[in-house]
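Here is the structure we will look at, set down as structure tokens.
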Amino acid sequence: MAAAVVAEGAGDVGDKSVNGFKDRVGLGWRPALAAGILSNLDKIDIVEVIADDFFDAPRHKRRALRTLAAQTPVTLHGVSLGLASSVAVHSKRLDQMARLCADVVPVSWSEHLAFVRGGSVEIGHLAAPPRTAATTDGALANLDRAMTIVGAAPQVENVATLIDPPGSDRDEATWVSDIVSGSRCDLLLDLHNLHANALNFGFNPRDFIARLPAERIAAIHLAGGKWIGEHGTRRLLDDHLHDVPDSVYDLLTEVGSRTRRPLTVILERDGDFPSFDCLLYQLEQARKALERGRERLSNESEEEAAA
Amino acid sequence: MSAPSFEAFLAKLYVDEGVRARFLANPRDEAVKAGLTTEEAEALASIDRVGLELMAKSLERKRQRRLPNAAA
């Protein structure tokens with residue numbers, strides 16, 4: 001089944017980009033945020049919707065989602081396909097995504113580079129697979145099938161992990177870059193996931209960004225988290241329940257300075273919701289951080305031209 | 001042994017407290033008993049134990065939140 005997913009930037013629901021680079025900054029749809037989102041669509045360039053919440057949704061909820069997509073750009077975000085696995089993704093799950101994409105006509109869709117089940121066991125959340133040739137090849141095969149069945153390539157997202165994935169024989173930057181480079185999928189770079197992994201496993205997130213194929217970065221996630229565990233062995237948990245830390249905005253500036261490609265930036269917040277004004281403030285902080293990166297990029301280009 | 005079997009063993013390790021406890025007490029033997037190769041068992045013997053415990057707890061909390069009548 002091939003869905004009519006509109007190519008990024010080609011939607012007719014209004015070009016709500018924020019600058020000359022045609023960047024967009026938006027928010028993840030959550031039922032608790034619905035009223036705030038709907039009454040502030042002039043300040044939100046794009047809305048990201050969890051696709052899985054609508055696979056079996058009643059007709060009126062699907063209709064509401066179509067109405068939202070007619071008013072503002074919508075991107076669909078999957079959380080349970082388990083594409084980064086040596087095991088083939090179930091056709092039924094891809095069919096569900098294809099039907100939803102055909103129904104809603106989002107500007108894009110995305111999934112995680114994670115495995116979510118093994119054998120007969122459902123993990124119940126996103127888990128980082130062993131970073132090996134087997135999971136790279138498995139992910140590439142799954143992404144190819146996803147693209148064929150859904151009718152458009154998903155953007156693929158790096159995941160946060162509390163455990164250094166056992167059985168890995170390569171680092172995360174290599175693994176993610178190989179999958180993006182080997183597929184037709186662009187990268188949804190989750191900067192809080194990157195921030196958390198960098199702190200938990202001792203690498204420099206800027207070096208990580210420098211090793212990615214910059215022109216394949218199409219979207220960004222921002223979120224917050226909290227420290228868990230005992231003193232001395234603490235780890236940063238990406239829980240989406242806290243405000244975006246400054247260091248993550250700094251990484252957004254870094255990404256904005258490395259690619260000329262339009263970026264879609266989504267703030268994810270799953271609970272412990274602050275006032276909606278606080279969320280709008282964080283969107284504004286994201287715009288400013290991205291703008292700083294864009295200015296740096298423009299200045300460097302001018303200097304190169306003058307040299 | 002294959003990559004899918006290795007992933008299946010990891011999934012059990014992450015969600016099943018009993019499997020995890022037996023494994024942590026004797027990683028190599030439990031991995032081999034589960035059918036993994038010596039090389040795979042060796043890789044698991046050096047598992048990130050702090051991360052494993054934190055991840056298991058985090059997954060458990062997420063499962064509890066999804067159960068309507070679960071305790072907070």
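In the structure tokens, chains take the letters A, B, ... in the order shown, each chain's residues start at 1, and ligands count up from 1 in the order shown.
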
Near chain B, meaning an atom within 7 Å, which residues of chain A appear when counting only C-alpha atoms? Write them as a JSON list (two decimals) with C-alpha atoms, in the first residue's frame.
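Written file, iface17.json:
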```json
[["chain", "number", "residue", "atom", "x", "y", "z"],
["A", 86, "SER", "CA", 18.06, -8.04, 12.66],
["A", 87, "VAL", "CA", 14.45, -9.28, 12.66],
["A", 117, "ARG", "CA", 10.78, -6.79, 20.93],
["A", 118, "GLY", "CA", 12.88, -9.92, 20.78],
["A", 119, "GLY", "CA", 11.53, -13.39, 20.19],
["A", 121, "VAL", "CA", 9.06, -10.73, 24.38],
["A", 123, "ILE", "CA", 10.15, -4.84, 25.75],
["A", 124, "GLY", "CA", 7.48, -2.18, 26.02],
["A", 125, "HIS", "CA", 9.77, 0.67, 25.13],
["A", 134, "ALA", "CA", 23.74, -7.48, 11.60],
["A", 162, "LEU", "CA", 20.71, 3.83, 29.90],
["A", 163, "ILE", "CA", 22.77, 0.76, 29.04],
["A", 164, "ASP", "CA", 25.75, 0.59, 26.75],
["A", 166, "PRO", "CA", 25.74, -5.29, 24.85],
["A", 167, "GLY", "CA", 27.38, -7.04, 21.92],
["A", 229, "GLY", "CA", 20.75, 6.08, 40.17]]
```

Contacts of Arg235 (chain A) within 6 Å, only C-alpha atoms, excl. fewer than 6 positions in-chain, as a PyMOL selection string: chain A and resi 200+227-228

Saved selection, atoms kept: C-alpha atoms, as a JSON list (two decimals), in the first residue's frame:
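Below you can see selection.json, which holds the result:
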```
[["chain", "number", "residue", "atom", "x", "y", "z"],
["A", 200, "ASN", "CA", 26.27, 8.63, 30.31],
["A", 227, "TRP", "CA", 19.48, 12.09, 36.79],
["A", 228, "ILE", "CA", 18.74, 8.65, 38.24]]
```

In region 185-261 of chain A, DSSP strand (DSSP E or B) residues written as an NGL selection string: :A and (187-190 or 217-222 or 226-228 or 235-237)

Can you pull out every residue within 12 Å of Phe203 (chain A), counting only C-alpha atoms, but drop anything in the same chain fewer than 4 positions away, and send it as a PDB file with C-alpha atoms, in the first residue's frame?
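The new file out02.pdb reads:
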```
ATOM      1  CA  ASP A 171      30.222   3.323  18.314  1.00  0.00           C
ATOM      2  CA  GLU A 172      26.878   5.066  17.967  1.00  0.00           C
ATOM      3  CA  ALA A 173      28.027   7.746  15.512  1.00  0.00           C
ATOM      4  CA  LEU A 194      22.455  12.598  22.170  1.00  0.00           C
ATOM      5  CA  HIS A 195      23.135  14.792  25.224  1.00  0.00           C
ATOM      6  CA  ALA A 196      22.130  11.964  27.597  1.00  0.00           C
ATOM      7  CA  ASN A 197      24.167   9.292  25.814  1.00  0.00           C
ATOM      8  CA  ALA A 198      27.180  11.600  25.671  1.00  0.00           C
ATOM      9  CA  LEU A 199      27.020  12.249  29.425  1.00  0.00           C
ATOM     10  CA  ASP A 207      32.206  15.340  17.760  1.00  0.00           C
ATOM     11  CA  PHE A 208      29.204  13.056  17.257  1.00  0.00           C
ATOM     12  CA  ILE A 209      27.386  15.763  15.260  1.00  0.00           C
TER      13      ILE A 209
END
```

Point-to-point distance in Å for CA of Asp45 (chain A) and CA of Arg24 (chain A): 5.4 Å

Counting only C-alpha atoms, the residue of A:Ala289, A:Val248, A:Leu212, A:Leu76 that sits nearest Leu191 (chain A):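 Nearest to Leu191 (chain A): A:Val248.
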
Spatial neighbours of Asn40 (chain A), max dist 12 Å, only C-alpha atoms, sep filter under 2 positions, as a ChimeraX atom specification: /A:26-27,33-38,42-47,71-72,276-277,279-280,283

Non-local contacts of Ser183 (chain A) (8 Å; only C-alpha atoms; under 3 positions in same chain excluded) as a list in words: Leu140, Leu143, Asp144, Ile179 and Val180 of chain A

Top pick for closest residue to Ser110 (chain A), considering A:Asn204, A:Gln155, A:Asn142, A:Thr75 and counting only C-alpha atoms: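 Distance minimum relative to Ser110 (chain A) lands on A:Gln155.
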
Non-local contacts of Asp246 (chain A) (10 Å; only C-alpha atoms; under 3 positions in same chain excluded) as a PyMOL selection string: chain A and resi 224+243+249-252+285-286+289

Pick from A:Thr259, A:Thr136, A:Thr174, A:Thr264, whichever lies nearest to Leu83 (chain A) using only C-alpha atoms: A:Thr136

Length of the CA of Ala64 (chain A) to CA of Ser39 (chain A) vector [Å]: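 So the two atoms, CA of Ala64 (chain A) and CA of Ser39 (chain A), lie 15.1 Å apart.
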
Residue list (helix (DSSP H, G or I), DSSP) for region 91-304 of chain A, as a ChimeraX atom specification: /A:91-104,133-150,172-182,191-201,205-211,214-216,246-256,276-304

Atomic distance CA of Ala88 (chain A) - CA of Ala141 (chain A), expressed in Å with one decimal: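 Interatomic distance, CA of Ala88 (chain A) to CA of Ala141 (chain A): 7.6 Å.
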